[in-house]
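Engineer: This is my_file_37.pdb, which holds PDB, C-alpha atoms:
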MODEL        1
ATOM      1  CA  MET K   1     -33.600 277.333  89.355
ATOM      2  CA  GLU K   2     -32.390 280.410  87.486
ATOM      3  CA  THR K   3     -28.719 281.354  87.688
ATOM      4  CA  ILE K   4     -28.020 284.712  89.301
ATOM      5  CA  ASN K   5     -25.169 286.583  87.601
ATOM      6  CA  ILE K   6     -23.139 288.782  89.933
ATOM      7  CA  LEU K   7     -20.546 291.307  88.766
ATOM      8  CA  TYR K   8     -17.900 292.131  91.361
ATOM      9  CA  ILE K   9     -15.640 295.113  90.716
ATOM     10  CA  GLY K  10     -12.588 295.125  92.980
ATOM     11  CA  ARG K  11      -9.163 296.689  93.069
ATOM     12  CA  HIS K  12      -7.109 294.003  94.874
ATOM     13  CA  LEU K  13      -6.478 290.725  93.057
ATOM     14  CA  GLU K  14      -6.409 288.538  96.177
ATOM     15  CA  ILE K  15      -9.707 289.894  97.501
ATOM     16  CA  LEU K  16     -11.286 289.699  94.057
ATOM     17  CA  ALA K  17     -10.301 286.037  93.692
ATOM     18  CA  THR K  18     -11.662 285.176  97.146
ATOM     19  CA  VAL K  19     -14.982 286.933  96.583
ATOM     20  CA  ILE K  20     -15.498 285.268  93.195
ATOM     21  CA  ARG K  21     -14.639 281.866  94.689
ATOM     22  CA  LEU K  22     -17.198 282.406  97.465
ATOM     23  CA  ILE K  23     -19.868 283.589  95.031
ATOM     24  CA  ASN K  24     -19.291 280.613  92.746
ATOM     25  CA  ALA K  25     -19.523 278.201  95.696
ATOM     26  CA  ASN K  26     -23.302 278.651  95.432
ATOM     27  CA  GLU K  27     -24.540 276.462  92.585
ATOM     28  CA  ASN K  28     -27.179 279.033  91.580
ATOM     29  CA  TRP K  29     -24.772 281.977  91.389
ATOM     30  CA  ASN K  30     -22.267 282.921  88.693
ATOM     31  CA  GLY K  31     -19.644 285.438  89.744
ATOM     32  CA  VAL K  32     -17.638 287.547  87.322
ATOM     33  CA  GLY K  33     -14.809 289.663  88.696
ATOM     34  CA  VAL K  34     -13.038 292.624  87.138
ATOM     35  CA  MET K  35     -10.417 295.032  88.399
ATOM     36  CA  ASN K  36     -10.952 298.171  86.352
ATOM     37  CA  ASP K  37     -13.745 300.364  85.051
ATOM     38  CA  GLU K  38     -13.193 299.609  81.353
ATOM     39  CA  GLU K  39     -13.449 295.858  81.933
ATOM     40  CA  ALA K  40     -16.574 296.409  84.013
ATOM     41  CA  LYS K  41     -18.228 298.386  81.217
ATOM     42  CA  GLU K  42     -17.419 295.737  78.603
ATOM     43  CA  VAL K  43     -18.655 292.844  80.735
ATOM     44  CA  PHE K  44     -21.770 294.714  81.880
ATOM     45  CA  ILE K  45     -22.826 295.403  78.298
ATOM     46  CA  ARG K  46     -22.373 291.761  77.233
ATOM     47  CA  LYS K  47     -24.124 289.988  80.107
ATOM     48  CA  ASP K  48     -27.310 290.402  82.128
ATOM     49  CA  PHE K  49     -26.380 290.871  85.798
ATOM     50  CA  SER K  50     -28.798 290.574  88.698
ATOM     51  CA  LEU K  51     -26.374 292.256  91.095
ATOM     52  CA  VAL K  52     -23.335 294.510  90.821
ATOM     53  CA  ARG K  53     -21.011 294.885  93.810
ATOM     54  CA  PHE K  54     -18.279 297.518  94.057
ATOM     55  CA  ARG K  55     -15.285 297.416  96.330
ATOM     56  CA  ASN K  56     -12.924 300.345  96.398
ATOM     57  CA  SER K  57     -10.224 300.325  99.036
ATOM     58  CA  ARG K  58      -8.494 303.459 100.144
ATOM     59  CA  ARG K  59      -4.962 303.813  98.928
ATOM     60  CA  LYS K  60      -2.277 305.047 101.288
TER      61      LYS K  60
ENDMDL
END
Please express what this file holds, its structure, as structure tokens.
Structural biologist:
Amino acid sequence: METINILYIGRHLEILATVIRLINANENWNGVGVMNDEEAKEVFIRKDFSLVRFRNSRRK
């Protein structure tokens, strides 16, 4: 079966790590996590992603 590459863009390290761990628990998924827009652009250009997920929490 084909691997599904998922890019997750998050702002909180703990949440990012948890989401990537959960994504990678599926043997057919490959999760890549980044915390800023520049990293996201670089990774997106270099790899073919099937899904991109954004998470932006409100700051107090």
Engineer: For the structure provided, state which residues fall under the PyMOL selection byres ((chain K and resi 49-54) around 7), and present them as number ranges by chain.
Structural biologist: K: 4-10, 47-48, 55-56
Engineer: Between atom CA of K:Glu2 and atom CA of K:Trp29, what is the distance, to one decimal in Å?
Structural biologist: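 Calculated distance between atom CA of K:Glu2 and atom CA of K:Trp29 is 8.7 Å.
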Engineer: Any idea what the distance is between atom CA of K:Asn28 and atom CA of K:Thr3?
Structural biologist: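 Going from atom CA of K:Asn28 over to atom CA of K:Thr3 covers 4.8 Å.
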Engineer: Since I can't run it myself right now, could you work out what the PyMOL selection byres ((chain K and resi 12) around 9) selects here and report it as a ChimeraX atom specification?
Structural biologist: /K:10-11,13-17,35,55-57
Engineer: Grab the residues selected above and save them as a PDB file, keeping the file's coordinate frame with C-alpha atoms.
Structural biologist:
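Okay, part-v6.pdb is ready:
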ATOM      1  CA  GLY K  10     -12.588 295.125  92.980  1.00  0.00           C
ATOM      2  CA  ARG K  11      -9.163 296.689  93.069  1.00  0.00           C
ATOM      3  CA  LEU K  13      -6.478 290.725  93.057  1.00  0.00           C
ATOM      4  CA  GLU K  14      -6.409 288.538  96.177  1.00  0.00           C
ATOM      5  CA  ILE K  15      -9.707 289.894  97.501  1.00  0.00           C
ATOM      6  CA  LEU K  16     -11.286 289.699  94.057  1.00  0.00           C
ATOM      7  CA  ALA K  17     -10.301 286.037  93.692  1.00  0.00           C
ATOM      8  CA  MET K  35     -10.417 295.032  88.399  1.00  0.00           C
ATOM      9  CA  ARG K  55     -15.285 297.416  96.330  1.00  0.00           C
ATOM     10  CA  ASN K  56     -12.924 300.345  96.398  1.00  0.00           C
ATOM     11  CA  SER K  57     -10.224 300.325  99.036  1.00  0.00           C
TER      12      SER K  57
END
Engineer: All heavy atoms are needed for stretch 29-40 of chain K; please write them out as a PDB file, in the frame of the given file.
Structural biologist:
ATOM      1  N   TRP K  29     -25.389 280.678  91.644  1.00  0.00           N
ATOM      2  CA  TRP K  29     -24.772 281.977  91.389  1.00  0.00           C
ATOM      3  C   TRP K  29     -23.608 281.833  90.422  1.00  0.00           C
ATOM      4  O   TRP K  29     -22.882 280.842  90.426  1.00  0.00           O
ATOM      5  CB  TRP K  29     -24.246 282.588  92.677  1.00  0.00           C
ATOM      6  CG  TRP K  29     -25.290 282.927  93.692  1.00  0.00           C
ATOM      7  CD1 TRP K  29     -26.646 282.854  93.557  1.00  0.00           C
ATOM      8  CD2 TRP K  29     -25.052 283.387  95.017  1.00  0.00           C
ATOM      9  NE1 TRP K  29     -27.264 283.243  94.706  1.00  0.00           N
ATOM     10  CE2 TRP K  29     -26.312 283.581  95.634  1.00  0.00           C
ATOM     11  CE3 TRP K  29     -23.916 283.647  95.756  1.00  0.00           C
ATOM     12  CZ2 TRP K  29     -26.450 284.030  96.937  1.00  0.00           C
ATOM     13  CZ3 TRP K  29     -24.045 284.099  97.056  1.00  0.00           C
ATOM     14  CH2 TRP K  29     -25.295 284.288  97.627  1.00  0.00           C
ATOM     15  N   ASN K  30     -23.405 282.866  89.604  1.00  0.00           N
ATOM     16  CA  ASN K  30     -22.267 282.921  88.693  1.00  0.00           C
ATOM     17  C   ASN K  30     -21.571 284.256  88.898  1.00  0.00           C
ATOM     18  O   ASN K  30     -22.111 285.307  88.562  1.00  0.00           O
ATOM     19  CB  ASN K  30     -22.724 282.775  87.242  1.00  0.00           C
ATOM     20  CG  ASN K  30     -21.575 282.891  86.284  1.00  0.00           C
ATOM     21  OD1 ASN K  30     -20.559 282.238  86.447  1.00  0.00           O
ATOM     22  ND2 ASN K  30     -21.719 283.744  85.292  1.00  0.00           N
ATOM     23  N   GLY K  31     -20.383 284.214  89.472  1.00  0.00           N
ATOM     24  CA  GLY K  31     -19.644 285.438  89.744  1.00  0.00           C
ATOM     25  C   GLY K  31     -18.658 285.766  88.645  1.00  0.00           C
ATOM     26  O   GLY K  31     -17.961 284.894  88.133  1.00  0.00           O
ATOM     27  N   VAL K  32     -18.608 287.038  88.293  1.00  0.00           N
ATOM     28  CA  VAL K  32     -17.638 287.547  87.322  1.00  0.00           C
ATOM     29  C   VAL K  32     -16.910 288.688  88.011  1.00  0.00           C
ATOM     30  O   VAL K  32     -17.540 289.612  88.531  1.00  0.00           O
ATOM     31  CB  VAL K  32     -18.333 288.061  86.038  1.00  0.00           C
ATOM     32  CG1 VAL K  32     -17.318 288.674  85.088  1.00  0.00           C
ATOM     33  CG2 VAL K  32     -19.113 286.940  85.363  1.00  0.00           C
ATOM     34  N   GLY K  33     -15.593 288.629  88.028  1.00  0.00           N
ATOM     35  CA  GLY K  33     -14.809 289.663  88.696  1.00  0.00           C
ATOM     36  C   GLY K  33     -13.940 290.444  87.740  1.00  0.00           C
ATOM     37  O   GLY K  33     -13.342 289.864  86.828  1.00  0.00           O
ATOM     38  N   VAL K  34     -13.894 291.741  87.939  1.00  0.00           N
ATOM     39  CA  VAL K  34     -13.038 292.624  87.138  1.00  0.00           C
ATOM     40  C   VAL K  34     -12.325 293.602  88.054  1.00  0.00           C
ATOM     41  O   VAL K  34     -12.784 293.872  89.162  1.00  0.00           O
ATOM     42  CB  VAL K  34     -13.837 293.383  86.054  1.00  0.00           C
ATOM     43  CG1 VAL K  34     -14.457 292.422  85.060  1.00  0.00           C
ATOM     44  CG2 VAL K  34     -14.888 294.273  86.668  1.00  0.00           C
ATOM     45  N   MET K  35     -11.211 294.140  87.562  1.00  0.00           N
ATOM     46  CA  MET K  35     -10.417 295.032  88.399  1.00  0.00           C
ATOM     47  C   MET K  35     -10.414 296.489  87.947  1.00  0.00           C
ATOM     48  O   MET K  35      -9.893 297.344  88.651  1.00  0.00           O
ATOM     49  CB  MET K  35      -8.979 294.528  88.472  1.00  0.00           C
ATOM     50  CG  MET K  35      -8.865 293.237  89.248  1.00  0.00           C
ATOM     51  SD  MET K  35      -7.164 292.737  89.523  1.00  0.00           S
ATOM     52  CE  MET K  35      -6.554 294.066  90.547  1.00  0.00           C
ATOM     53  N   ASN K  36     -10.969 296.769  86.773  1.00  0.00           N
ATOM     54  CA  ASN K  36     -10.952 298.171  86.352  1.00  0.00           C
ATOM     55  C   ASN K  36     -12.278 298.557  85.694  1.00  0.00           C
ATOM     56  O   ASN K  36     -13.078 297.699  85.317  1.00  0.00           O
ATOM     57  CB  ASN K  36      -9.753 298.464  85.445  1.00  0.00           C
ATOM     58  CG  ASN K  36      -9.804 297.690  84.157  1.00  0.00           C
ATOM     59  OD1 ASN K  36     -10.761 297.806  83.385  1.00  0.00           O
ATOM     60  ND2 ASN K  36      -8.767 296.899  83.894  1.00  0.00           N
ATOM     61  N   ASP K  37     -12.477 299.837  85.546  1.00  0.00           N
ATOM     62  CA  ASP K  37     -13.745 300.364  85.051  1.00  0.00           C
ATOM     63  C   ASP K  37     -14.022 299.972  83.599  1.00  0.00           C
ATOM     64  O   ASP K  37     -15.160 299.679  83.243  1.00  0.00           O
ATOM     65  CB  ASP K  37     -13.773 301.887  85.186  1.00  0.00           C
ATOM     66  CG  ASP K  37     -13.698 302.329  86.644  1.00  0.00           C
ATOM     67  OD1 ASP K  37     -13.973 301.499  87.537  1.00  0.00           O
ATOM     68  OD2 ASP K  37     -13.362 303.502  86.882  1.00  0.00           O
ATOM     69  N   GLU K  38     -12.995 299.959  82.758  1.00  0.00           N
ATOM     70  CA  GLU K  38     -13.193 299.609  81.353  1.00  0.00           C
ATOM     71  C   GLU K  38     -13.658 298.164  81.204  1.00  0.00           C
ATOM     72  O   GLU K  38     -14.563 297.881  80.426  1.00  0.00           O
ATOM     73  CB  GLU K  38     -11.914 299.857  80.549  1.00  0.00           C
ATOM     74  CG  GLU K  38     -11.589 301.328  80.364  1.00  0.00           C
ATOM     75  CD  GLU K  38     -12.729 302.103  79.711  1.00  0.00           C
ATOM     76  OE1 GLU K  38     -13.311 301.612  78.726  1.00  0.00           O
ATOM     77  OE2 GLU K  38     -13.042 303.199  80.200  1.00  0.00           O
ATOM     78  N   GLU K  39     -13.024 297.262  81.953  1.00  0.00           N
ATOM     79  CA  GLU K  39     -13.449 295.858  81.933  1.00  0.00           C
ATOM     80  C   GLU K  39     -14.894 295.730  82.411  1.00  0.00           C
ATOM     81  O   GLU K  39     -15.677 294.977  81.846  1.00  0.00           O
ATOM     82  CB  GLU K  39     -12.573 295.026  82.869  1.00  0.00           C
ATOM     83  CG  GLU K  39     -11.420 294.331  82.244  1.00  0.00           C
ATOM     84  CD  GLU K  39     -10.749 293.430  83.261  1.00  0.00           C
ATOM     85  OE1 GLU K  39     -10.305 293.923  84.306  1.00  0.00           O
ATOM     86  OE2 GLU K  39     -10.690 292.216  82.984  1.00  0.00           O
ATOM     87  N   ALA K  40     -15.220 296.457  83.453  1.00  0.00           N
ATOM     88  CA  ALA K  40     -16.574 296.409  84.013  1.00  0.00           C
ATOM     89  C   ALA K  40     -17.604 296.846  82.973  1.00  0.00           C
ATOM     90  O   ALA K  40     -18.648 296.206  82.818  1.00  0.00           O
ATOM     91  CB  ALA K  40     -16.663 297.290  85.257  1.00  0.00           C
TER      92      ALA K  40
END
